[in-house]
Amino acid sequence: EILREVGSELSRLEGWALKERCQIGSDFTKEKRAELKRELTAKGLTARQAGSIVGRVMGIWRTSRKAQMRELKSLTQRISTIEWKLKKQAKTKGAYYSPETCFQKTRKLETLKERRQVLREEYRAGRLTIVRGSHALLKKRHNLKEAGITEDQWHEEWESRRRNMAFTFAGESKKIGGNETLRITATGQIELRLPNTLSRLGDDKGRCVFSTPVS
């Protein structure tokens with residue numbers, strides 16, 4: 001139960017940090033990264049927990065940024081292919097086989113060019129659209145019957161995917177146990193430094209030791 005509450009709290013703050021990162025766009029300096037970390041500590045995280053979340057958010061942002069570039073390259077390739085085929089004479093190798101098809105592809109070409117222009121502007125500005133829970137699951141919300149699930153089942157899966165239950169905290173060789181936030185005690189138990197907002201669940205230092213030893 002404690003791990004679930006910690007996971008929900010970290011997930012909530014990670015979602016907030018990701019939104020802030022997306023709003024900043026390409027103008028994300030070292031100063032703004034430090035400011036984002038300070039704001040997370042002000043919301044109840046330790047400096048190490050805040051640093052871990054900022055690092056994770058940066059990883060998500062970079063992955064989405066690469067996907068944005070791949071989509072831009074894909075659009076350019078599709079545009080080039082259609083333009084090449086439209087230039088070919090009818091009934092020659094590689095050409096579209098009918099005037100109707102050429103007309104449809106011409107309209108498609110304009111749509112692709114408009115989409116590419118929008119995407120180029122978004123890329124230059126560093127604007128990203130990131131869905132925590134996946135685009136596919138978000139779209140499934142409008143087709144529950146086809147997906148064979150109820151609205152409650154969808155909400156449960158949605159929250160489960162958005163909840164961060166994987167804790168990763170960087171260690172330090174000079175700290176006890178190598179990590180001030182998450183470590184294994186001498187008796188083989190997990191000791192976790194709780195976020196300040198959940199310190200009531202631990203001892204007077206805000207730490208919680210789980211009774212079950214690590215196998």
# chains A, B, ... in the order shown; residues from 1 in each chain; ligands from 1
>>> residues_around(residues="Ala95 in chain A", least_positions_apart="3", cutoff="10 Å", atoms="only C-alpha atoms", output="CSV table (one decimal) with all heavy atoms, in the first residue's frame")
chain,number,residue,atom,x,y,z
A,82,ILE,N,5.1,10.6,-54.2
A,82,ILE,CA,3.9,11.0,-54.9
A,82,ILE,C,4.2,11.9,-56.1
A,82,ILE,O,3.7,11.8,-57.2
A,82,ILE,CB,2.8,11.6,-54.0
A,82,ILE,CG1,2.3,10.5,-53.0
A,82,ILE,CG2,1.7,12.2,-54.8
A,82,ILE,CD1,1.3,11.1,-52.0
A,84,TRP,N,7.0,12.2,-57.6
A,84,TRP,CA,7.8,11.5,-58.7
A,84,TRP,C,6.8,10.7,-59.6
A,84,TRP,O,6.9,10.7,-60.8
A,84,TRP,CB,8.8,10.5,-58.0
A,84,TRP,CG,9.5,9.7,-59.0
A,84,TRP,CD1,10.6,10.1,-59.8
A,84,TRP,CD2,9.3,8.3,-59.3
A,84,TRP,NE1,11.0,9.0,-60.5
A,84,TRP,CE2,10.2,7.9,-60.3
A,84,TRP,CE3,8.3,7.4,-58.9
A,84,TRP,CZ2,10.2,6.7,-60.8
A,84,TRP,CZ3,8.4,6.1,-59.4
A,84,TRP,CH2,9.3,5.8,-60.4
A,85,LYS,N,5.8,10.1,-59.0
A,85,LYS,CA,4.8,9.3,-59.7
A,85,LYS,C,3.9,10.2,-60.6
A,85,LYS,O,3.5,9.8,-61.7
A,85,LYS,CB,4.0,8.4,-58.8
A,85,LYS,CG,4.8,7.2,-58.2
A,85,LYS,CD,3.8,6.3,-57.5
A,85,LYS,CE,4.6,5.0,-57.1
A,85,LYS,NZ,3.7,4.0,-56.6
A,86,LEU,N,3.6,11.3,-60.0
A,86,LEU,CA,2.7,12.3,-60.8
A,86,LEU,C,3.4,12.8,-62.0
A,86,LEU,O,2.8,13.2,-63.0
A,86,LEU,CB,2.3,13.4,-59.9
A,86,LEU,CG,1.2,13.1,-58.8
A,86,LEU,CD1,1.0,14.2,-57.9
A,86,LEU,CD2,-0.1,12.6,-59.5
A,87,LYS,N,4.7,12.9,-62.0
A,87,LYS,CA,5.5,13.4,-63.1
A,87,LYS,C,5.7,12.4,-64.2
A,87,LYS,O,6.0,12.8,-65.4
A,87,LYS,CB,6.9,13.9,-62.6
A,87,LYS,CG,6.9,15.1,-61.8
A,87,LYS,CD,8.3,15.5,-61.3
A,87,LYS,CE,8.2,16.7,-60.4
A,87,LYS,NZ,9.6,17.1,-59.9
A,88,LYS,N,5.4,11.1,-63.9
A,88,LYS,CA,5.6,10.1,-64.9
A,88,LYS,C,4.4,10.1,-65.9
A,88,LYS,O,3.3,10.5,-65.5
A,88,LYS,CB,5.6,8.7,-64.2
A,88,LYS,CG,6.7,8.5,-63.2
A,88,LYS,CD,8.1,8.3,-63.8
A,88,LYS,CE,8.1,6.8,-64.4
A,88,LYS,NZ,9.5,6.5,-64.9
A,89,GLN,N,4.7,9.8,-67.1
A,89,GLN,CA,3.6,9.7,-68.1
A,89,GLN,C,2.7,8.5,-67.9
A,89,GLN,O,3.2,7.5,-67.4
A,89,GLN,CB,4.2,9.6,-69.5
A,89,GLN,CG,5.0,10.9,-70.0
A,89,GLN,CD,5.4,10.8,-71.4
A,89,GLN,OE1,5.3,9.7,-72.0
A,89,GLN,NE2,6.0,11.9,-71.9
A,90,ALA,N,1.5,8.7,-68.2
A,90,ALA,CA,0.5,7.6,-68.0
A,90,ALA,C,0.9,6.3,-68.6
A,90,ALA,O,1.5,6.4,-69.7
A,90,ALA,CB,-0.9,8.1,-68.5
A,91,LYS,N,0.7,5.2,-67.9
A,91,LYS,CA,0.9,3.9,-68.4
A,91,LYS,C,2.4,3.6,-68.5
A,91,LYS,O,2.8,2.5,-69.1
A,91,LYS,CB,0.2,3.6,-69.8
A,91,LYS,CG,-1.3,3.7,-69.7
A,91,LYS,CD,-1.9,3.4,-71.0
A,91,LYS,CE,-3.5,3.5,-70.9
A,91,LYS,NZ,-4.1,3.2,-72.2
A,92,THR,N,3.3,4.4,-68.0
A,92,THR,CA,4.7,4.1,-67.9
A,92,THR,C,5.0,3.5,-66.6
A,92,THR,O,4.2,3.6,-65.6
A,92,THR,CB,5.6,5.3,-68.2
A,92,THR,OG1,5.3,6.3,-67.1
A,92,THR,CG2,5.3,5.9,-69.5
A,98,SER,N,-4.5,5.7,-63.5
A,98,SER,CA,-5.7,6.4,-64.1
A,98,SER,C,-5.7,7.8,-63.6
A,98,SER,O,-5.1,8.2,-62.6
A,98,SER,CB,-6.9,5.7,-63.5
A,98,SER,OG,-7.1,5.9,-62.1
A,102,CYS,N,-4.7,9.9,-60.1
A,102,CYS,CA,-3.8,11.1,-60.1
A,102,CYS,C,-4.5,12.2,-59.3
A,102,CYS,O,-3.8,12.9,-58.6
A,102,CYS,CB,-3.5,11.5,-61.5
A,102,CYS,SG,-2.4,10.4,-62.4
>>> atom_distance(atom1="CA of Ala17 in chain A", atom2="CA of Arg162 in chain A")
13.7 Å
>>> residues_around(residues="Arg124 in chain A", least_positions_apart="2", cutoff="12 Å", atoms="only C-alpha atoms", output="ChimeraX atom specification")
/A:25-27,65,68-69,72,117-122,126-128
>>> write_last_selection(atoms="C-alpha atoms", output="short mmCIF file (atom, residue, chain, number, x, y, z; two decimals), in the first residue's frame")
data_model
loop_
_atom_site.label_atom_id
_atom_site.label_comp_id
_atom_site.auth_asym_id
_atom_site.auth_seq_id
_atom_site.Cartn_x
_atom_site.Cartn_y
_atom_site.Cartn_z
CA GLY A 25 9.98 23.75 -25.86
CA SER A 26 13.44 23.95 -27.43
CA ASP A 27 14.59 26.81 -25.17
CA ARG A 65 11.57 14.36 -30.16
CA GLN A 68 8.78 13.64 -34.28
CA MET A 69 11.83 13.76 -36.55
CA LEU A 72 8.90 14.45 -40.51
CA GLN A 117 4.65 22.37 -42.67
CA VAL A 118 2.86 22.21 -39.33
CA LEU A 119 5.25 19.54 -38.08
CA ARG A 120 8.28 21.57 -39.19
CA GLU A 121 7.08 24.56 -37.21
CA GLU A 122 6.44 22.38 -34.17
CA GLY A 126 10.35 22.18 -29.76
CA ARG A 127 6.61 21.62 -29.33
CA LEU A 128 5.64 18.03 -28.55
#
>>> closest_residue(among="A:Lys145, A:Glu5, A:Pro99, A:Phe210", to="Gly188 in chain A", atoms="only C-alpha atoms")
A:Phe210
>>> atom_distance(atom1="CA of Leu138 in chain A", atom2="CA of Glu159 in chain A")
11.4 Å
>>> residues_around(residues="Ser74 in chain A", least_positions_apart="5", cutoff="12 Å", atoms="only C-alpha atoms", output="VMD selection string")
chain A and resid 67 to 69 79 to 81 112 to 113 115 to 116 119
>>> residues_around(residues="Ile2 in chain A", least_positions_apart="5", cutoff="12 Å", atoms="only C-alpha atoms", output="JSON, numbers by chain")
{"A": [7, 8, 9, 165, 192, 193, 194, 195, 198, 199, 200, 201, 202, 207, 208, 209, 210]}
>>> residues_around(residues="range 53-64 of chain A", least_positions_apart="4", cutoff="9 Å", atoms="only C-alpha atoms", output="mmCIF file with all heavy atoms, in the first residue's frame")
data_model
loop_
_atom_site.group_PDB
_atom_site.id
_atom_site.type_symbol
_atom_site.label_atom_id
_atom_site.label_comp_id
_atom_site.auth_asym_id
_atom_site.auth_seq_id
_atom_site.Cartn_x
_atom_site.Cartn_y
_atom_site.Cartn_z
ATOM 1 N N LEU A 10 4.774 10.035 -7.098
ATOM 2 C CA LEU A 10 5.852 10.274 -8.058
ATOM 3 C C LEU A 10 5.300 10.419 -9.475
ATOM 4 O O LEU A 10 5.779 11.243 -10.254
ATOM 5 C CB LEU A 10 6.866 9.129 -8.002
ATOM 6 C CG LEU A 10 7.692 9.005 -6.717
ATOM 7 C CD1 LEU A 10 8.616 7.802 -6.797
ATOM 8 C CD2 LEU A 10 8.503 10.269 -6.460
ATOM 9 N N LEU A 13 3.728 13.918 -9.898
ATOM 10 C CA LEU A 13 4.735 14.970 -10.057
ATOM 11 C C LEU A 13 5.506 14.820 -11.369
ATOM 12 O O LEU A 13 5.909 15.812 -11.975
ATOM 13 C CB LEU A 13 5.695 14.949 -8.865
ATOM 14 C CG LEU A 13 5.049 15.360 -7.535
ATOM 15 C CD1 LEU A 13 6.016 15.156 -6.385
ATOM 16 C CD2 LEU A 13 4.577 16.806 -7.586
ATOM 17 N N GLU A 14 5.689 13.583 -11.815
ATOM 18 C CA GLU A 14 6.341 13.376 -13.103
ATOM 19 C C GLU A 14 5.474 13.934 -14.231
ATOM 20 O O GLU A 14 5.976 14.553 -15.177
ATOM 21 C CB GLU A 14 6.601 11.893 -13.332
ATOM 22 C CG GLU A 14 7.254 11.593 -14.676
ATOM 23 C CD GLU A 14 7.437 10.110 -14.892
ATOM 24 O OE1 GLU A 14 8.321 9.513 -14.242
ATOM 25 O OE2 GLU A 14 6.697 9.527 -15.711
ATOM 26 N N GLY A 15 4.154 13.724 -14.126
ATOM 27 C CA GLY A 15 3.241 14.261 -15.129
ATOM 28 C C GLY A 15 3.288 15.782 -15.166
ATOM 29 O O GLY A 15 3.282 16.393 -16.241
ATOM 30 N N ALA A 17 5.870 17.635 -14.223
ATOM 31 C CA ALA A 17 7.180 18.032 -14.755
ATOM 32 C C ALA A 17 7.233 17.862 -16.271
ATOM 33 O O ALA A 17 7.812 18.688 -16.982
ATOM 34 C CB ALA A 17 8.289 17.208 -14.094
ATOM 35 N N LEU A 18 6.610 16.813 -16.776
ATOM 36 C CA LEU A 18 6.599 16.574 -18.217
ATOM 37 C C LEU A 18 5.813 17.661 -18.944
ATOM 38 O O LEU A 18 6.217 18.134 -20.012
ATOM 39 C CB LEU A 18 6.005 15.198 -18.515
ATOM 40 C CG LEU A 18 5.991 14.761 -19.982
ATOM 41 C CD1 LEU A 18 7.406 14.754 -20.554
ATOM 42 C CD2 LEU A 18 5.353 13.385 -20.113
ATOM 43 N N ARG A 21 7.979 20.677 -19.039
ATOM 44 C CA ARG A 21 9.057 20.521 -20.033
ATOM 45 C C ARG A 21 8.528 20.733 -21.445
ATOM 46 O O ARG A 21 9.198 21.379 -22.270
ATOM 47 C CB ARG A 21 9.671 19.113 -19.902
ATOM 48 C CG ARG A 21 10.737 18.806 -20.973
ATOM 49 C CD ARG A 21 11.903 19.738 -20.814
ATOM 50 N NE ARG A 21 12.851 19.646 -21.917
ATOM 51 C CZ ARG A 21 12.796 20.376 -23.019
ATOM 52 N NH1 ARG A 21 11.819 21.265 -23.189
ATOM 53 N NH2 ARG A 21 13.720 20.260 -23.946
ATOM 54 N N CYS A 22 7.367 20.218 -21.753
ATOM 55 C CA CYS A 22 6.782 20.371 -23.089
ATOM 56 C C CYS A 22 6.432 21.832 -23.376
ATOM 57 O O CYS A 22 6.566 22.312 -24.506
ATOM 58 C CB CYS A 22 5.544 19.495 -23.238
ATOM 59 S SG CYS A 22 5.911 17.720 -23.334
ATOM 60 N N ARG A 33 16.433 23.817 -16.352
ATOM 61 C CA ARG A 33 16.432 22.467 -15.787
ATOM 62 C C ARG A 33 16.588 22.534 -14.267
ATOM 63 O O ARG A 33 15.898 21.825 -13.530
ATOM 64 C CB ARG A 33 17.566 21.642 -16.403
ATOM 65 C CG ARG A 33 17.657 20.234 -15.831
ATOM 66 C CD ARG A 33 18.609 19.366 -16.608
ATOM 67 N NE ARG A 33 18.659 18.023 -16.037
ATOM 68 C CZ ARG A 33 18.900 16.930 -16.744
ATOM 69 N NH1 ARG A 33 19.085 17.011 -18.046
ATOM 70 N NH2 ARG A 33 18.947 15.764 -16.147
ATOM 71 N N LEU A 36 13.366 23.722 -12.762
ATOM 72 C CA LEU A 36 12.351 22.663 -12.716
ATOM 73 C C LEU A 36 12.612 21.739 -11.533
ATOM 74 O O LEU A 36 11.674 21.323 -10.832
ATOM 75 C CB LEU A 36 12.391 21.875 -14.027
ATOM 76 C CG LEU A 36 11.363 20.742 -14.183
ATOM 77 C CD1 LEU A 36 9.941 21.283 -14.083
ATOM 78 C CD2 LEU A 36 11.556 20.027 -15.521
ATOM 79 N N LYS A 37 13.868 21.445 -11.283
ATOM 80 C CA LYS A 37 14.236 20.596 -10.152
ATOM 81 C C LYS A 37 13.880 21.280 -8.830
ATOM 82 O O LYS A 37 13.352 20.640 -7.911
ATOM 83 C CB LYS A 37 15.732 20.282 -10.211
ATOM 84 C CG LYS A 37 16.201 19.335 -9.122
ATOM 85 C CD LYS A 37 17.675 19.010 -9.297
ATOM 86 C CE LYS A 37 18.180 18.134 -8.151
ATOM 87 N NZ LYS A 37 19.626 17.805 -8.308
ATOM 88 N N LEU A 40 10.198 21.054 -8.138
ATOM 89 C CA LEU A 40 9.802 19.717 -7.682
ATOM 90 C C LEU A 40 10.123 19.524 -6.202
ATOM 91 O O LEU A 40 9.342 18.919 -5.462
ATOM 92 C CB LEU A 40 10.506 18.645 -8.514
ATOM 93 C CG LEU A 40 9.927 18.388 -9.905
ATOM 94 C CD1 LEU A 40 10.865 17.521 -10.721
ATOM 95 C CD2 LEU A 40 8.549 17.739 -9.807
ATOM 96 N N ARG A 48 17.360 14.477 -4.607
ATOM 97 C CA ARG A 48 17.674 13.303 -5.423
ATOM 98 C C ARG A 48 16.436 12.783 -6.146
ATOM 99 O O ARG A 48 16.507 12.352 -7.289
ATOM 100 C CB ARG A 48 18.292 12.205 -4.554
ATOM 101 C CG ARG A 48 19.679 12.562 -4.029
ATOM 102 C CD ARG A 48 20.260 11.469 -3.167
ATOM 103 N NE ARG A 48 21.552 11.876 -2.627
ATOM 104 C CZ ARG A 48 21.707 12.618 -1.553
ATOM 105 N NH1 ARG A 48 20.647 13.049 -0.900
ATOM 106 N NH2 ARG A 48 22.907 12.955 -1.122
ATOM 107 N N GLN A 49 15.303 12.776 -5.468
ATOM 108 C CA GLN A 49 14.065 12.339 -6.116
ATOM 109 C C GLN A 49 13.689 13.276 -7.258
ATOM 110 O O GLN A 49 13.277 12.832 -8.335
ATOM 111 C CB GLN A 49 12.935 12.268 -5.085
ATOM 112 C CG GLN A 49 13.098 11.143 -4.081
ATOM 113 C CD GLN A 49 12.165 11.282 -2.892
ATOM 114 O OE1 GLN A 49 11.570 12.338 -2.667
ATOM 115 N NE2 GLN A 49 12.036 10.225 -2.122
ATOM 116 N N GLN A 68 9.251 12.501 -33.488
ATOM 117 C CA GLN A 68 8.777 13.639 -34.278
ATOM 118 C C GLN A 68 9.631 13.802 -35.537
ATOM 119 O O GLN A 68 9.109 14.042 -36.634
ATOM 120 C CB GLN A 68 8.839 14.906 -33.428
ATOM 121 C CG GLN A 68 8.147 16.118 -34.030
ATOM 122 C CD GLN A 68 8.276 17.338 -33.123
ATOM 123 O OE1 GLN A 68 9.357 17.654 -32.638
ATOM 124 N NE2 GLN A 68 7.172 18.021 -32.897
ATOM 125 N N MET A 69 10.937 13.657 -35.408
ATOM 126 C CA MET A 69 11.835 13.757 -36.553
ATOM 127 C C MET A 69 11.596 12.607 -37.541
ATOM 128 O O MET A 69 11.615 12.810 -38.764
ATOM 129 C CB MET A 69 13.286 13.757 -36.074
ATOM 130 C CG MET A 69 14.318 13.708 -37.211
ATOM 131 S SD MET A 69 14.075 14.992 -38.449
ATOM 132 C CE MET A 69 14.699 16.419 -37.554
ATOM 133 N N LEU A 128 5.938 19.463 -28.476
ATOM 134 C CA LEU A 128 5.644 18.030 -28.550
ATOM 135 C C LEU A 128 4.290 17.734 -27.929
ATOM 136 O O LEU A 128 3.870 18.407 -26.989
ATOM 137 C CB LEU A 128 6.717 17.224 -27.823
ATOM 138 C CG LEU A 128 8.112 17.168 -28.456
ATOM 139 C CD1 LEU A 128 9.076 16.505 -27.489
ATOM 140 C CD2 LEU A 128 8.073 16.416 -29.764
ATOM 141 N N THR A 129 3.627 16.704 -28.456
ATOM 142 C CA THR A 129 2.394 16.213 -27.860
ATOM 143 C C THR A 129 2.667 14.819 -27.318
ATOM 144 O O THR A 129 2.893 13.879 -28.095
ATOM 145 C CB THR A 129 1.258 16.153 -28.902
ATOM 146 O OG1 THR A 129 1.043 17.465 -29.425
ATOM 147 C CG2 THR A 129 -0.028 15.660 -28.263
ATOM 148 N N ILE A 130 2.691 14.698 -26.010
ATOM 149 C CA ILE A 130 3.012 13.421 -25.367
ATOM 150 C C ILE A 130 1.815 12.955 -24.544
ATOM 151 O O ILE A 130 1.298 13.703 -23.723
ATOM 152 C CB ILE A 130 4.252 13.556 -24.466
ATOM 153 C CG1 ILE A 130 5.458 14.029 -25.298
ATOM 154 C CG2 ILE A 130 4.570 12.230 -23.776
ATOM 155 C CD1 ILE A 130 6.694 14.309 -24.469
ATOM 156 N N THR A 168 13.714 4.658 -9.962
ATOM 157 C CA THR A 168 15.139 4.645 -10.289
ATOM 158 C C THR A 168 15.774 5.892 -9.686
ATOM 159 O O THR A 168 15.402 7.009 -10.019
ATOM 160 C CB THR A 168 15.370 4.647 -11.819
ATOM 161 O OG1 THR A 168 14.676 5.766 -12.390
ATOM 162 C CG2 THR A 168 14.857 3.367 -12.449
ATOM 163 N N PHE A 169 16.709 5.679 -8.782
ATOM 164 C CA PHE A 169 17.367 6.789 -8.117
ATOM 165 C C PHE A 169 18.878 6.599 -8.204
ATOM 166 O O PHE A 169 19.397 5.548 -7.839
ATOM 167 C CB PHE A 169 16.939 6.869 -6.645
ATOM 168 C CG PHE A 169 15.463 7.053 -6.453
ATOM 169 C CD1 PHE A 169 14.686 6.027 -5.936
ATOM 170 C CD2 PHE A 169 14.842 8.240 -6.811
ATOM 171 C CE1 PHE A 169 13.317 6.188 -5.771
ATOM 172 C CE2 PHE A 169 13.476 8.409 -6.653
ATOM 173 C CZ PHE A 169 12.711 7.380 -6.128
#
>>> select_by_dssp(residues="range 62-184 of chain A", states="helix (DSSP H, G or I)", output="number ranges by chain")
A: 62-87, 99-125, 135-140, 144-147, 151-162, 176-178
>>> closest_atom_pairs(of="range 52-136 of chain A", to="range 147-158 of chain A", cutoff="10 Å", atoms="only C-alpha atoms", output="JSON lines")
{"residue": "A:Arg132", "atom": "CA", "partner": "A:Trp158", "partner_atom": "CA", "distance": 8.7}
{"residue": "A:Gly133", "atom": "CA", "partner": "A:Trp158", "partner_atom": "CA", "distance": 5.9}
{"residue": "A:Ser134", "atom": "CA", "partner": "A:Trp158", "partner_atom": "CA", "distance": 8.7}
>>> atom_distance(atom1="CA of Thr101 in chain A", atom2="CA of Arg70 in chain A")
27.3 Å
>>> select_by_dssp(residues="range 26-207 of chain A", states="strand (DSSP E or B)", output="ChimeraX atom specification")
/A:182-184,189-193,207
>>> write_last_selection(atoms="C-alpha atoms", output="mmCIF file, in the first residue's frame")
data_model
loop_
_atom_site.group_PDB
_atom_site.id
_atom_site.type_symbol
_atom_site.label_atom_id
_atom_site.label_comp_id
_atom_site.auth_asym_id
_atom_site.auth_seq_id
_atom_site.Cartn_x
_atom_site.Cartn_y
_atom_site.Cartn_z
ATOM 1 C CA LEU A 182 16.713 3.604 -1.956
ATOM 2 C CA ARG A 183 18.966 0.959 -0.458
ATOM 3 C CA ILE A 184 19.181 -2.529 1.019
ATOM 4 C CA GLN A 189 15.359 -5.316 3.657
ATOM 5 C CA ILE A 190 14.430 -2.414 1.369
ATOM 6 C CA GLU A 191 14.745 1.035 2.915
ATOM 7 C CA LEU A 192 13.069 3.881 1.072
ATOM 8 C CA ARG A 193 13.267 7.631 1.635
ATOM 9 C CA ARG A 207 12.210 6.647 5.890
#
>>> closest_residue(among="A:Lys43, A:Lys205, A:Lys73, A:Lys108", to="Arg12 in chain A", atoms="only C-alpha atoms")
A:Lys43
>>> decode(residues="range 82-90 of chain A", atoms="all heavy atoms", output="PDB file, in the first residue's frame")
ATOM      1  N   ILE A  82       5.061  10.552 -54.204  1.00  0.00           N
ATOM      2  CA  ILE A  82       3.862  10.963 -54.944  1.00  0.00           C
ATOM      3  C   ILE A  82       4.227  11.941 -56.051  1.00  0.00           C
ATOM      4  O   ILE A  82       3.740  11.823 -57.192  1.00  0.00           O
ATOM      5  CB  ILE A  82       2.824  11.587 -53.991  1.00  0.00           C
ATOM      6  CG1 ILE A  82       2.292  10.531 -53.013  1.00  0.00           C
ATOM      7  CG2 ILE A  82       1.653  12.191 -54.778  1.00  0.00           C
ATOM      8  CD1 ILE A  82       1.346  11.078 -51.951  1.00  0.00           C
ATOM      9  N   GLU A  83       5.094  12.909 -55.749  1.00  0.00           N
ATOM     10  CA  GLU A  83       5.502  13.880 -56.767  1.00  0.00           C
ATOM     11  C   GLU A  83       6.211  13.187 -57.936  1.00  0.00           C
ATOM     12  O   GLU A  83       5.992  13.541 -59.108  1.00  0.00           O
ATOM     13  CB  GLU A  83       6.425  14.931 -56.139  1.00  0.00           C
ATOM     14  CG  GLU A  83       5.698  15.910 -55.226  1.00  0.00           C
ATOM     15  CD  GLU A  83       6.619  16.908 -54.575  1.00  0.00           C
ATOM     16  OE1 GLU A  83       7.817  16.590 -54.392  1.00  0.00           O
ATOM     17  OE2 GLU A  83       6.148  18.014 -54.244  1.00  0.00           O
ATOM     18  N   TRP A  84       7.045  12.216 -57.612  1.00  0.00           N
ATOM     19  CA  TRP A  84       7.768  11.483 -58.660  1.00  0.00           C
ATOM     20  C   TRP A  84       6.801  10.722 -59.561  1.00  0.00           C
ATOM     21  O   TRP A  84       6.936  10.734 -60.782  1.00  0.00           O
ATOM     22  CB  TRP A  84       8.756  10.532 -58.003  1.00  0.00           C
ATOM     23  CG  TRP A  84       9.521   9.690 -58.991  1.00  0.00           C
ATOM     24  CD1 TRP A  84      10.575  10.076 -59.761  1.00  0.00           C
ATOM     25  CD2 TRP A  84       9.252   8.323 -59.320  1.00  0.00           C
ATOM     26  NE1 TRP A  84      11.007   9.033 -60.539  1.00  0.00           N
ATOM     27  CE2 TRP A  84      10.212   7.945 -60.302  1.00  0.00           C
ATOM     28  CE3 TRP A  84       8.325   7.390 -58.872  1.00  0.00           C
ATOM     29  CZ2 TRP A  84      10.249   6.657 -60.842  1.00  0.00           C
ATOM     30  CZ3 TRP A  84       8.369   6.111 -59.414  1.00  0.00           C
ATOM     31  CH2 TRP A  84       9.309   5.751 -60.387  1.00  0.00           C
ATOM     32  N   LYS A  85       5.806  10.068 -58.955  1.00  0.00           N
ATOM     33  CA  LYS A  85       4.841   9.290 -59.741  1.00  0.00           C
ATOM     34  C   LYS A  85       3.933  10.188 -60.571  1.00  0.00           C
ATOM     35  O   LYS A  85       3.542   9.829 -61.684  1.00  0.00           O
ATOM     36  CB  LYS A  85       4.008   8.399 -58.817  1.00  0.00           C
ATOM     37  CG  LYS A  85       4.778   7.226 -58.241  1.00  0.00           C
ATOM     38  CD  LYS A  85       3.846   6.252 -57.532  1.00  0.00           C
ATOM     39  CE  LYS A  85       4.591   4.994 -57.119  1.00  0.00           C
ATOM     40  NZ  LYS A  85       3.686   3.976 -56.556  1.00  0.00           N
ATOM     41  N   LEU A  86       3.588  11.345 -60.036  1.00  0.00           N
ATOM     42  CA  LEU A  86       2.717  12.265 -60.775  1.00  0.00           C
ATOM     43  C   LEU A  86       3.429  12.831 -62.009  1.00  0.00           C
ATOM     44  O   LEU A  86       2.776  13.205 -62.994  1.00  0.00           O
ATOM     45  CB  LEU A  86       2.255  13.407 -59.867  1.00  0.00           C
ATOM     46  CG  LEU A  86       1.196  13.058 -58.813  1.00  0.00           C
ATOM     47  CD1 LEU A  86       0.962  14.235 -57.886  1.00  0.00           C
ATOM     48  CD2 LEU A  86      -0.110  12.610 -59.462  1.00  0.00           C
ATOM     49  N   LYS A  87       4.750  12.912 -61.969  1.00  0.00           N
ATOM     50  CA  LYS A  87       5.507  13.439 -63.106  1.00  0.00           C
ATOM     51  C   LYS A  87       5.656  12.418 -64.220  1.00  0.00           C
ATOM     52  O   LYS A  87       5.965  12.791 -65.361  1.00  0.00           O
ATOM     53  CB  LYS A  87       6.892  13.896 -62.631  1.00  0.00           C
ATOM     54  CG  LYS A  87       6.873  15.146 -61.769  1.00  0.00           C
ATOM     55  CD  LYS A  87       8.274  15.508 -61.306  1.00  0.00           C
ATOM     56  CE  LYS A  87       8.243  16.738 -60.403  1.00  0.00           C
ATOM     57  NZ  LYS A  87       9.611  17.088 -59.915  1.00  0.00           N
ATOM     58  N   LYS A  88       5.448  11.145 -63.889  1.00  0.00           N
ATOM     59  CA  LYS A  88       5.591  10.092 -64.892  1.00  0.00           C
ATOM     60  C   LYS A  88       4.431  10.144 -65.876  1.00  0.00           C
ATOM     61  O   LYS A  88       3.294  10.466 -65.514  1.00  0.00           O
ATOM     62  CB  LYS A  88       5.633   8.723 -64.217  1.00  0.00           C
ATOM     63  CG  LYS A  88       6.741   8.548 -63.199  1.00  0.00           C
ATOM     64  CD  LYS A  88       8.071   8.265 -63.847  1.00  0.00           C
ATOM     65  CE  LYS A  88       8.129   6.850 -64.352  1.00  0.00           C
ATOM     66  NZ  LYS A  88       9.473   6.507 -64.872  1.00  0.00           N
ATOM     67  N   GLN A  89       4.682   9.817 -67.129  1.00  0.00           N
ATOM     68  CA  GLN A  89       3.633   9.748 -68.130  1.00  0.00           C
ATOM     69  C   GLN A  89       2.733   8.549 -67.867  1.00  0.00           C
ATOM     70  O   GLN A  89       3.167   7.518 -67.363  1.00  0.00           O
ATOM     71  CB  GLN A  89       4.231   9.650 -69.533  1.00  0.00           C
ATOM     72  CG  GLN A  89       4.955  10.896 -69.989  1.00  0.00           C
ATOM     73  CD  GLN A  89       5.442  10.777 -71.418  1.00  0.00           C
ATOM     74  OE1 GLN A  89       5.324   9.723 -72.036  1.00  0.00           O
ATOM     75  NE2 GLN A  89       5.980  11.876 -71.949  1.00  0.00           N
ATOM     76  N   ALA A  90       1.456   8.705 -68.194  1.00  0.00           N
ATOM     77  CA  ALA A  90       0.481   7.643 -67.961  1.00  0.00           C
ATOM     78  C   ALA A  90       0.918   6.340 -68.637  1.00  0.00           C
ATOM     79  O   ALA A  90       1.494   6.353 -69.732  1.00  0.00           O
ATOM     80  CB  ALA A  90      -0.886   8.062 -68.492  1.00  0.00           C
TER      81      ALA A  90
END
